[in-house]
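Student: Let me begin by handing over the structure; questions about it come next.
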Amino acid sequence: MFDIDKWQEILATIKKNKMRTFLTGFSVAWGIFMLMILLGSGNGLSNGVAANFMNDAVNAMWIWTGETTIPYEGMKSGRPIQFHNQDQEIVQKVSGVGASSGRYFMGNTRYSYLKESGEYTTITCQPELKEVENLILNEGRFINQIDILQNRKVVVIGADIKTALFKDSVALGEYVNVNMVPFKVVGICTEPGSTRNRNAYMPLSTAQMIFSGSNRLHNLALTIDASTLEESQAIEEKIRTALGKQHKFDPKDEGAIGLYNKLENYIQTMKIFQAIKIFIWIIGIGTLIAGIVGVSNIMLIVVKERTKEIGIRKAIGASPSSVIGLILLESIMITTIAGYIGLVLGTGLMEMINYFMMQSAGPVSDQSETIFLNPTVDINIAIYSTLLLIIAGAIAGYIPAKRAASIKPIVALRDE
Amino acid sequence: MIRLNNIHKSYVMGNNSLHVLKGIDLHIEQGDFVSIMGSSGSGKSTLLNILGMLDNYDNGTYHLSGNLISNMSEKKAAKYRNDLVGFVFQSFNLISFKNAMENVALPLYYKGVPRKKRNQIALEYLEKLGLKDWANHMPNEMSGGQKQRVAIARALISQPKIILADEPTGALDTTTSYEVMEILKDVNASGITVIIVTHEHDIAAMTRQIIRLKDGRIHEIIRNGELKQFQKDYMKELETA
């Protein structure tokens with residue numbers, strides 16, 4: 001197979017037939033190029049959306065209260081439900097629940113430090129909230145269990161609050177006045193995927209005591225241990241039942257408590273992306289088939305065009321196998337090189353888009369709401385597609401080449 | 001050298017069968033210079049193609065250099081063609097994207113001669129035919145006579161036993177035709193059997209044996225004394241023209 005003279009003969013033929021070479025090569029390179037872009041875009045889109053879900057724990061769940069809509073155990077509908085501290089304990093006991101935290105919102109609390117002041121949202125919570133909301137601590141620590149037990153007056157402030165009140169000076173360890181009550185700053189945090197970090201976090205117990213929240217809660221944030229839609233719905237069901245028993249409402253009552261199950265959404269969205277991926281593959285395979293048809297067509301024409309040349313070669317002593325070899329190796333060489341070019345251009349373009357996106361948006365952790373992330377293609381898929389085209393081109397060349405090589409030279413010579 | 005025994009050949013075209021050769025018996029010795037004449041449709045090209053193993057025959061036997069040429073594989077036929085036969089065609093049949101030297105060298109490629117060596121040999125043959133300066137020209141840059149000389153060089157390079165020429169002067173003017181015939185005479189003088197197909201009497205008159213075909217059969221074979229008369233007739237015709 002490796003015979004320098006043979007390759008020189010093929011190279012000479014390619015050099016003298018540039019248009020034919022270009023057309024064959026182009027259809028292969030284009031097919032691979034388009035496939036790379038399609039698959040890359042699909043991957044980018046799906047990676048981007050998946051990354052957005054990572055802003056909070058993927059398995060997060062939020063529960064809030066409402067009014068009953070179904071009469072239950074003799075009570076009329078329209079009865080408001082109020083969460084209390086023990087609801088968090090009830091939910092925590094439900095099997096399948098990971099971390100959980102009650103939350104008590106204090107809207108528009110006034111924060112001041114020296115001459116600077118501003119109104120921000122205070123979220124009072126338990127240490128587990130950090131896990132549920134994937135909070136990132138830039139400095140210091142988050143609320144811990146001792147803060148809760150000792151009703152410590154500590155606060156974790158969002159990065160924007162720190163900038164507004166403390167400017168460039170150190171905030172950690174300083175005291176800020178929250179509605180005129182001094183709190184010690186123990187941490188500075190950011191929320192992933194958010195450009196506004198204007199929330200402050202405070203121990204639930206402290207806030208309930210100081211700001212007369214008694215033992216009320218606004219909502220519950222928790223994580224669940226489930227990997228499928230069915231599992232997550234089962235846990236949801238159990239939570240509804242447990243809370244329904246406590247507050248005396250029908251577990252089927254959608255109005256009594258509201259429940260946002262992120263995992264459910266995540267799984268559903270990923271299903272959509274699965275479908276989009278399949279769709280992209282169908283288009284991709286279609287593109288490949290178009291490429292294969294293109295190569296086959298050109299090979300048919302090439303063999304037809306070369307019939308007379310084949311006749312001449314046979315008249316001066318070329319064996320059928322050498323004629324087939326000549327045509328096939330030429331086709332394989334062109335499709336291989338062209339496929340490689342398409343591969344490099346396609347992946348190159350996607351890598352370039354990726355690079356510029358990184359440049360403009362910063363590293364992944366700082367980006368908010370990307371819909372396009374890491375739009376690259378598995379190199380194996382790229383290589384297999386190229387191989388497929390090469391093989392298709394070879395088969396498409398082989399059939400007519402074999403026919404042309406086996407006809408009588410006199411018939412081939414007569415061909416004009 | 002060449003021994004044909006009752007060769008039959010017909011072409012099937014749809015429902016019609018065209019019986020072209022109806023029993024040819026022929027014996028050609030090594031070193032002969034033969035022309036095959038006949039009106040169109042007499043089967044002269046078919047006969048040449050069978051002699052050159054470009055086409056097969058239906059019945060009879062064909063021995064070439066003592067080998068029976070019959071229903072052999074294409075691979076074997078290619079080998080015989082490469083070793084024994086050189087072809088010269090009316091339409092030259094040069095490969096258009098190769099220059100003169102590469103065209104001449106091509107038969108040696110199929111003999112497995114290395115590139116450098118075969119190009120050098122090709123140059124020698126081109127020089128013999130007075131085309132050294134045209135070695136790097138493409139066929140479309142050359143005149144008909146030059147192209148035919150390139151084709152002859154290509155036919156000679158594999159040192160064949162026989163040169164088969166199908167209307168070698170058919171596409172050339174008279175002067176060039178005579179030049180090509182002079183070359184073929186020289187080739188024959190070096191001991192190679194030359195067989196040409198022609199319908200021109202003056203061209204045939206330059207050979208040493210004329211086989212006239214008529215309706216797929218050998219009508220007459222002109223040689224020796226009769227040939228002298230033939231030559232005299234047609235040379236005269238030429239002078240008066």
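To be explicit about the labels: the chains of the structure tokens are called A, B, and onward in the order shown, and within each one the residues are counted from 1, while ligands get numbers from 1 in the order they are shown.
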Do you have, as CSV, the list of residues of chain A lying at most 7 Å from chain B, each with its nearest atom pair and that distance in Å to one decimal, counting only C-alpha atoms and ordered by chain then number?
Tutor:
```
residue,atom,partner,partner_atom,distance
A:Asp5,CA,B:Arg115,CA,6.7
A:Lys16,CA,B:Phe97,CA,5.9
A:Glu309,CA,B:Ile95,CA,6.3
A:Ile312,CA,B:Asn93,CA,6.5
A:Lys314,CA,B:Ala78,CA,6.4
A:Ala315,CA,B:Arg81,CA,6.8
A:Ile316,CA,B:Asn82,CA,5.5
A:Gly317,CA,B:Asn82,CA,4.1
A:Ala318,CA,B:Ala78,CA,5.7
A:Ser319,CA,B:Lys75,CA,4.8
A:Pro320,CA,B:Lys75,CA,6.2
A:Lys408,CA,B:Asp55,CA,6.2
A:Pro409,CA,B:Leu54,CA,5.5
A:Ile410,CA,B:Leu54,CA,5.3
```
Student: Restricted to N, CA and C atoms, what would the selected residues look like written as a PDB file, in the first residue's frame?
Tutor:
```
ATOM      1  N   ASP A   5       6.068   5.792  -5.201  1.00  0.00           N
ATOM      2  CA  ASP A   5       5.793   6.066  -6.602  1.00  0.00           C
ATOM      3  C   ASP A   5       4.305   6.218  -6.863  1.00  0.00           C
ATOM      4  N   LYS A  16      -2.889  18.280 -11.029  1.00  0.00           N
ATOM      5  CA  LYS A  16      -3.299  18.673 -12.371  1.00  0.00           C
ATOM      6  C   LYS A  16      -4.817  18.820 -12.481  1.00  0.00           C
ATOM      7  N   GLU A 309      -9.128   7.897 -19.810  1.00  0.00           N
ATOM      8  CA  GLU A 309      -7.791   7.806 -19.220  1.00  0.00           C
ATOM      9  C   GLU A 309      -7.545   6.377 -18.718  1.00  0.00           C
ATOM     10  N   ILE A 312      -6.708   4.249 -21.610  1.00  0.00           N
ATOM     11  CA  ILE A 312      -5.325   4.451 -22.056  1.00  0.00           C
ATOM     12  C   ILE A 312      -4.373   3.707 -21.127  1.00  0.00           C
ATOM     13  N   LYS A 314      -4.959   1.205 -19.256  1.00  0.00           N
ATOM     14  CA  LYS A 314      -5.062  -0.246 -19.400  1.00  0.00           C
ATOM     15  C   LYS A 314      -4.378  -0.707 -20.673  1.00  0.00           C
ATOM     16  N   ALA A 315      -4.509   0.101 -21.754  1.00  0.00           N
ATOM     17  CA  ALA A 315      -3.879  -0.285 -23.013  1.00  0.00           C
ATOM     18  C   ALA A 315      -2.367  -0.369 -22.869  1.00  0.00           C
ATOM     19  N   ILE A 316      -1.793   0.479 -22.009  1.00  0.00           N
ATOM     20  CA  ILE A 316      -0.333   0.420 -21.873  1.00  0.00           C
ATOM     21  C   ILE A 316       0.091  -0.411 -20.673  1.00  0.00           C
ATOM     22  N   GLY A 317      -0.835  -1.198 -20.126  1.00  0.00           N
ATOM     23  CA  GLY A 317      -0.399  -2.219 -19.185  1.00  0.00           C
ATOM     24  C   GLY A 317      -0.821  -2.068 -17.740  1.00  0.00           C
ATOM     25  N   ALA A 318      -1.815  -1.191 -17.467  1.00  0.00           N
ATOM     26  CA  ALA A 318      -2.268  -1.068 -16.086  1.00  0.00           C
ATOM     27  C   ALA A 318      -3.221  -2.218 -15.765  1.00  0.00           C
ATOM     28  N   SER A 319      -2.993  -2.875 -14.615  1.00  0.00           N
ATOM     29  CA  SER A 319      -3.905  -3.946 -14.207  1.00  0.00           C
ATOM     30  C   SER A 319      -5.153  -3.310 -13.594  1.00  0.00           C
ATOM     31  N   PRO A 320      -6.297  -4.039 -13.570  1.00  0.00           N
ATOM     32  CA  PRO A 320      -7.510  -3.460 -12.984  1.00  0.00           C
ATOM     33  C   PRO A 320      -7.290  -2.997 -11.553  1.00  0.00           C
ATOM     34  N   LYS A 408     -13.679  -3.737 -21.041  1.00  0.00           N
ATOM     35  CA  LYS A 408     -12.599  -3.927 -22.015  1.00  0.00           C
ATOM     36  C   LYS A 408     -11.969  -2.586 -22.318  1.00  0.00           C
ATOM     37  N   PRO A 409     -10.651  -2.523 -22.407  1.00  0.00           N
ATOM     38  CA  PRO A 409      -9.999  -1.237 -22.664  1.00  0.00           C
ATOM     39  C   PRO A 409     -10.510  -0.571 -23.933  1.00  0.00           C
ATOM     40  N   ILE A 410     -10.893  -1.400 -24.920  1.00  0.00           N
ATOM     41  CA  ILE A 410     -11.327  -0.802 -26.189  1.00  0.00           C
ATOM     42  C   ILE A 410     -12.629  -0.016 -26.000  1.00  0.00           C
TER      43      ILE A 410
END
```
Student: What's around Gly170 (chain B) at 12 Å? Count only C-alpha atoms, leave out sequence neighbours fewer than 4 positions away in its own chain, and write the answer as a short mmCIF file (atom, residue, chain, number, x, y, z; two decimals) with C-alpha atoms, in the first residue's frame.
Tutor:
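Output file result-v9.cif follows:
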```
data_model
loop_
_atom_site.label_atom_id
_atom_site.label_comp_id
_atom_site.auth_asym_id
_atom_site.auth_seq_id
_atom_site.Cartn_x
_atom_site.Cartn_y
_atom_site.Cartn_z
CA VAL B 88 -0.35 3.92 -31.48
CA PHE B 89 -3.84 5.36 -31.97
CA GLN B 90 -5.39 7.65 -34.53
CA SER B 91 -6.42 10.10 -31.80
CA PHE B 92 -3.03 9.73 -30.03
CA GLY B 144 -0.70 16.39 -34.30
CA GLY B 145 2.60 15.09 -35.67
CA GLN B 148 1.85 11.06 -32.60
CA ALA B 165 -1.04 1.27 -34.96
CA ASP B 166 -4.69 2.00 -35.64
CA THR B 174 0.39 14.15 -45.86
CA THR B 176 3.44 14.66 -41.31
CA SER B 177 1.98 11.28 -42.23
CA TYR B 178 5.11 10.45 -44.20
CA VAL B 180 5.42 9.27 -38.97
CA MET B 181 5.72 6.42 -41.49
CA ILE B 196 -0.85 -0.74 -38.98
CA VAL B 197 -4.46 -0.35 -39.93
CA THR B 198 -5.02 2.18 -42.69
CA HIS B 199 -7.33 2.97 -45.55
CA GLU B 200 -4.80 5.12 -47.38
CA ILE B 203 0.52 4.65 -46.50
#
```
Student: Among the residues of chain B, find those DSSP assigns to alpha helix (DSSP H) from the backbone and print them as JSON, numbers by chain.
Tutor: {"B": [44, 45, 46, 47, 48, 49, 50, 51, 74, 75, 76, 77, 78, 79, 80, 81, 82, 83, 84, 100, 101, 102, 103, 104, 105, 106, 107, 108, 109, 115, 116, 117, 118, 119, 120, 121, 122, 123, 124, 125, 126, 127, 128, 144, 145, 146, 147, 148, 149, 150, 151, 152, 153, 154, 155, 156, 157, 174, 175, 176, 177, 178, 179, 180, 181, 182, 183, 184, 185, 186, 187, 188, 189, 201, 202, 203, 204, 224, 225, 226, 227, 228, 229, 230, 231, 232, 233, 234, 235, 236, 237, 238, 239, 240]}
Student: Take the selection from the previous step and output its residues with C-alpha atoms, as an mmCIF file, in the first residue's frame.
Tutor:
```
data_model
loop_
_atom_site.group_PDB
_atom_site.id
_atom_site.type_symbol
_atom_site.label_atom_id
_atom_site.label_comp_id
_atom_site.auth_asym_id
_atom_site.auth_seq_id
_atom_site.Cartn_x
_atom_site.Cartn_y
_atom_site.Cartn_z
ATOM 1 C CA LYS B 44 -9.794 -4.148 -39.697
ATOM 2 C CA SER B 45 -9.864 -2.242 -36.404
ATOM 3 C CA THR B 46 -11.550 -5.167 -34.674
ATOM 4 C CA LEU B 47 -8.781 -7.431 -35.897
ATOM 5 C CA LEU B 48 -6.141 -5.033 -34.583
ATOM 6 C CA ASN B 49 -7.871 -4.780 -31.220
ATOM 7 C CA ILE B 50 -7.947 -8.552 -30.932
ATOM 8 C CA LEU B 51 -4.254 -8.691 -31.831
ATOM 9 C CA GLU B 74 -7.737 -8.561 -17.253
ATOM 10 C CA LYS B 75 -4.733 -8.640 -14.977
ATOM 11 C CA LYS B 76 -2.904 -11.138 -17.176
ATOM 12 C CA ALA B 77 -3.943 -9.302 -20.339
ATOM 13 C CA ALA B 78 -2.568 -6.085 -18.862
ATOM 14 C CA LYS B 79 0.720 -7.841 -18.176
ATOM 15 C CA TYR B 80 0.941 -9.172 -21.753
ATOM 16 C CA ARG B 81 0.058 -5.782 -23.194
ATOM 17 C CA ASN B 82 2.695 -4.139 -21.066
ATOM 18 C CA ASP B 83 5.379 -6.659 -22.005
ATOM 19 C CA LEU B 84 4.678 -7.436 -25.645
ATOM 20 C CA ALA B 100 5.168 14.592 -22.967
ATOM 21 C CA MET B 101 7.846 13.033 -20.800
ATOM 22 C CA GLU B 102 5.349 11.723 -18.221
ATOM 23 C CA ASN B 103 3.159 10.293 -20.964
ATOM 24 C CA VAL B 104 6.094 8.460 -22.488
ATOM 25 C CA ALA B 105 7.247 7.208 -19.078
ATOM 26 C CA LEU B 106 3.836 5.835 -18.032
ATOM 27 C CA PRO B 107 4.259 2.233 -19.335
ATOM 28 C CA LEU B 108 7.429 1.968 -17.240
ATOM 29 C CA TYR B 109 5.419 3.028 -14.164
ATOM 30 C CA ARG B 115 10.370 7.610 -11.287
ATOM 31 C CA LYS B 116 13.775 9.174 -11.904
ATOM 32 C CA LYS B 117 14.944 6.312 -14.040
ATOM 33 C CA ARG B 118 11.799 6.104 -16.154
ATOM 34 C CA ASN B 119 11.775 9.849 -16.774
ATOM 35 C CA GLN B 120 15.374 9.635 -17.906
ATOM 36 C CA ILE B 121 14.573 6.772 -20.269
ATOM 37 C CA ALA B 122 11.539 8.728 -21.533
ATOM 38 C CA LEU B 123 13.824 11.673 -22.338
ATOM 39 C CA GLU B 124 16.100 9.376 -24.316
ATOM 40 C CA TYR B 125 13.175 8.132 -26.384
ATOM 41 C CA LEU B 126 11.890 11.663 -26.947
ATOM 42 C CA GLU B 127 15.357 12.667 -28.106
ATOM 43 C CA LYS B 128 15.402 9.783 -30.592
ATOM 44 C CA GLY B 144 -0.704 16.389 -34.296
ATOM 45 C CA GLY B 145 2.603 15.093 -35.673
ATOM 46 C CA GLN B 146 4.360 15.833 -32.406
ATOM 47 C CA LYS B 147 1.613 14.155 -30.414
ATOM 48 C CA GLN B 148 1.849 11.063 -32.602
ATOM 49 C CA ARG B 149 5.602 10.968 -32.135
ATOM 50 C CA VAL B 150 5.088 11.180 -28.354
ATOM 51 C CA ALA B 151 2.609 8.307 -28.673
ATOM 52 C CA ILE B 152 5.153 6.283 -30.663
ATOM 53 C CA ALA B 153 7.824 7.003 -28.042
ATOM 54 C CA ARG B 154 5.357 5.769 -25.409
ATOM 55 C CA ALA B 155 4.697 2.620 -27.422
ATOM 56 C CA LEU B 156 8.431 1.956 -27.803
ATOM 57 C CA ILE B 157 9.575 2.638 -24.247
ATOM 58 C CA THR B 174 0.387 14.150 -45.856
ATOM 59 C CA THR B 175 3.830 15.498 -44.986
ATOM 60 C CA THR B 176 3.441 14.660 -41.306
ATOM 61 C CA SER B 177 1.981 11.276 -42.226
ATOM 62 C CA TYR B 178 5.114 10.447 -44.201
ATOM 63 C CA GLU B 179 7.317 11.568 -41.330
ATOM 64 C CA VAL B 180 5.423 9.274 -38.968
ATOM 65 C CA MET B 181 5.719 6.421 -41.492
ATOM 66 C CA GLU B 182 9.483 6.996 -41.718
ATOM 67 C CA ILE B 183 9.670 6.660 -37.942
ATOM 68 C CA LEU B 184 7.636 3.447 -38.045
ATOM 69 C CA LYS B 185 9.959 2.131 -40.781
ATOM 70 C CA ASP B 186 12.943 2.823 -38.527
ATOM 71 C CA VAL B 187 11.159 1.079 -35.666
ATOM 72 C CA ASN B 188 10.578 -1.926 -37.910
ATOM 73 C CA ALA B 189 14.215 -1.828 -38.999
ATOM 74 C CA HIS B 201 -3.122 3.306 -50.251
ATOM 75 C CA ASP B 202 0.031 5.423 -50.197
ATOM 76 C CA ILE B 203 0.522 4.654 -46.501
ATOM 77 C CA ALA B 204 -0.084 0.963 -47.086
ATOM 78 C CA ASN B 224 6.698 -9.536 -52.977
ATOM 79 C CA GLY B 225 6.136 -8.974 -56.715
ATOM 80 C CA GLU B 226 2.507 -7.940 -56.410
ATOM 81 C CA LEU B 227 3.527 -5.476 -53.735
ATOM 82 C CA LYS B 228 6.015 -3.835 -56.113
ATOM 83 C CA GLN B 229 3.204 -3.331 -58.628
ATOM 84 C CA PHE B 230 0.950 -1.957 -55.856
ATOM 85 C CA GLN B 231 3.665 0.397 -54.717
ATOM 86 C CA LYS B 232 4.311 1.552 -58.268
ATOM 87 C CA ASP B 233 0.617 2.221 -58.860
ATOM 88 C CA TYR B 234 0.087 4.216 -55.746
ATOM 89 C CA MET B 235 3.372 6.076 -55.815
ATOM 90 C CA LYS B 236 2.443 7.176 -59.307
ATOM 91 C CA GLU B 237 -0.968 8.249 -58.098
ATOM 92 C CA LEU B 238 0.773 10.231 -55.452
ATOM 93 C CA GLU B 239 3.057 11.989 -57.901
ATOM 94 C CA THR B 240 0.218 12.963 -60.229
#
```
Student: Write out as an NGL selection string the residues lying within 10 Å of Arg141 (chain A), counting only C-alpha atoms and excluding same-chain residues fewer than 5 positions away.
Tutor: :A and (136 or 155-156 or 172 or 185-189)
Student: Write the residues of the preceding selection, restricted to C-alpha atoms, as a PDB file, in the first residue's frame.
Tutor:
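And here is the file that came out, part_8.pdb:
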```
ATOM      1  CA  ILE A 136     -20.423  31.966  48.087  1.00  0.00           C
ATOM      2  CA  VAL A 155     -25.049  39.388  60.198  1.00  0.00           C
ATOM      3  CA  VAL A 156     -23.697  38.185  56.847  1.00  0.00           C
ATOM      4  CA  LEU A 172     -15.468  42.029  58.928  1.00  0.00           C
ATOM      5  CA  VAL A 185     -20.532  41.574  60.462  1.00  0.00           C
ATOM      6  CA  VAL A 186     -19.181  38.019  60.314  1.00  0.00           C
ATOM      7  CA  GLY A 187     -19.228  37.370  56.580  1.00  0.00           C
ATOM      8  CA  ILE A 188     -19.596  38.882  53.136  1.00  0.00           C
ATOM      9  CA  CYS A 189     -21.248  36.778  50.490  1.00  0.00           C
TER      10      CYS A 189
END
```
Student: So which residues touch Lys277 (chain A) within 10 Å, counting only C-alpha atoms, skipping near sequence neighbours fewer than 3 positions away, as number ranges by chain?
Tutor: A: 38-39, 41-43, 45-46, 271-274, 280-283
Student: For a test of reading the model, state the distance in Å between CA of Ala338 (chain A) and CA of Ala29 (chain A), rounded to one decimal.
Tutor: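 Atom-to-atom, CA of Ala338 (chain A) and CA of Ala29 (chain A) are spaced 4.9 Å apart.
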Student: So what do you get for CA of Asp168 (chain A) versus CA of Gly140 (chain A), distance-wise?
Tutor: 16.1 Å
Student: Need the shell around region 249-254 of chain A: protein/DNA/RNA residues with any atom at most 10 Å away, counting only C-alpha atoms. Skip same-chain ones fewer than 4 positions apart. Format as a VMD selection string?
Tutor: chain A and resid 66 to 73 75 77 79 81 237 to 245 258 to 259
Student: So that I can check the surroundings of Met36 (chain A), please list as a VMD selection string every protein, DNA and RNA residue that reaches within 10 Å of it, counting only C-alpha atoms and ignoring chain neighbours fewer than 6 positions away.
Tutor: chain A and resid 30 42 284 342 to 350 375 to 379 381 to 382 385
Student: Quick one: everything within 6 Å of region 197-210 of chain A, counting only C-alpha atoms, minus sequence neighbours fewer than 5 positions away in the same chain. Send it as a PDB file with C-alpha atoms, in the first residue's frame.
Tutor:
```
ATOM      1  CA  THR A 121     -33.711  42.969  52.451  1.00  0.00           C
ATOM      2  CA  THR A 122     -32.855  40.866  55.481  1.00  0.00           C
ATOM      3  CA  ILE A 123     -33.307  37.144  55.242  1.00  0.00           C
ATOM      4  CA  THR A 124     -33.294  35.445  58.550  1.00  0.00           C
ATOM      5  CA  CYS A 125     -32.357  31.836  58.310  1.00  0.00           C
ATOM      6  CA  GLN A 126     -30.609  28.789  59.635  1.00  0.00           C
ATOM      7  CA  ILE A 148     -28.705  30.290  66.467  1.00  0.00           C
ATOM      8  CA  ASN A 151     -29.165  34.306  69.622  1.00  0.00           C
ATOM      9  CA  VAL A 155     -25.049  39.388  60.198  1.00  0.00           C
ATOM     10  CA  VAL A 156     -23.697  38.185  56.847  1.00  0.00           C
ATOM     11  CA  ILE A 157     -24.028  40.976  54.310  1.00  0.00           C
ATOM     12  CA  GLY A 158     -24.129  40.858  50.518  1.00  0.00           C
ATOM     13  CA  ALA A 159     -21.134  42.206  48.622  1.00  0.00           C
ATOM     14  CA  ASP A 160     -23.106  45.248  47.406  1.00  0.00           C
ATOM     15  CA  ILE A 161     -24.105  46.219  50.935  1.00  0.00           C
ATOM     16  CA  THR A 190     -22.390  36.704  46.880  1.00  0.00           C
TER      17      THR A 190
END
```
Student: Just the number, please: distance in Å from CA of Gln209 (chain B) to CA of Ile222 (chain B), one decimal.
Tutor: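 Taking CA of Gln209 (chain B) as the start and CA of Ile222 (chain B) as the end point, the length is 5.8 Å.
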Student: Among region 185-290 of chain A, which ones does DSSP place in strand (DSSP E), written as a list in words?
Tutor: Val185, Val186, Gly187, Ile188, Cys189, Thr190, Asn199, Ala200, Tyr201, Met202, Pro203, Arg216, Leu217, Asn219, Leu220, Ala221, Leu222, Thr223, Ile224, Ile257, Gly258, Leu259, Tyr260 and Asn261 of chain A
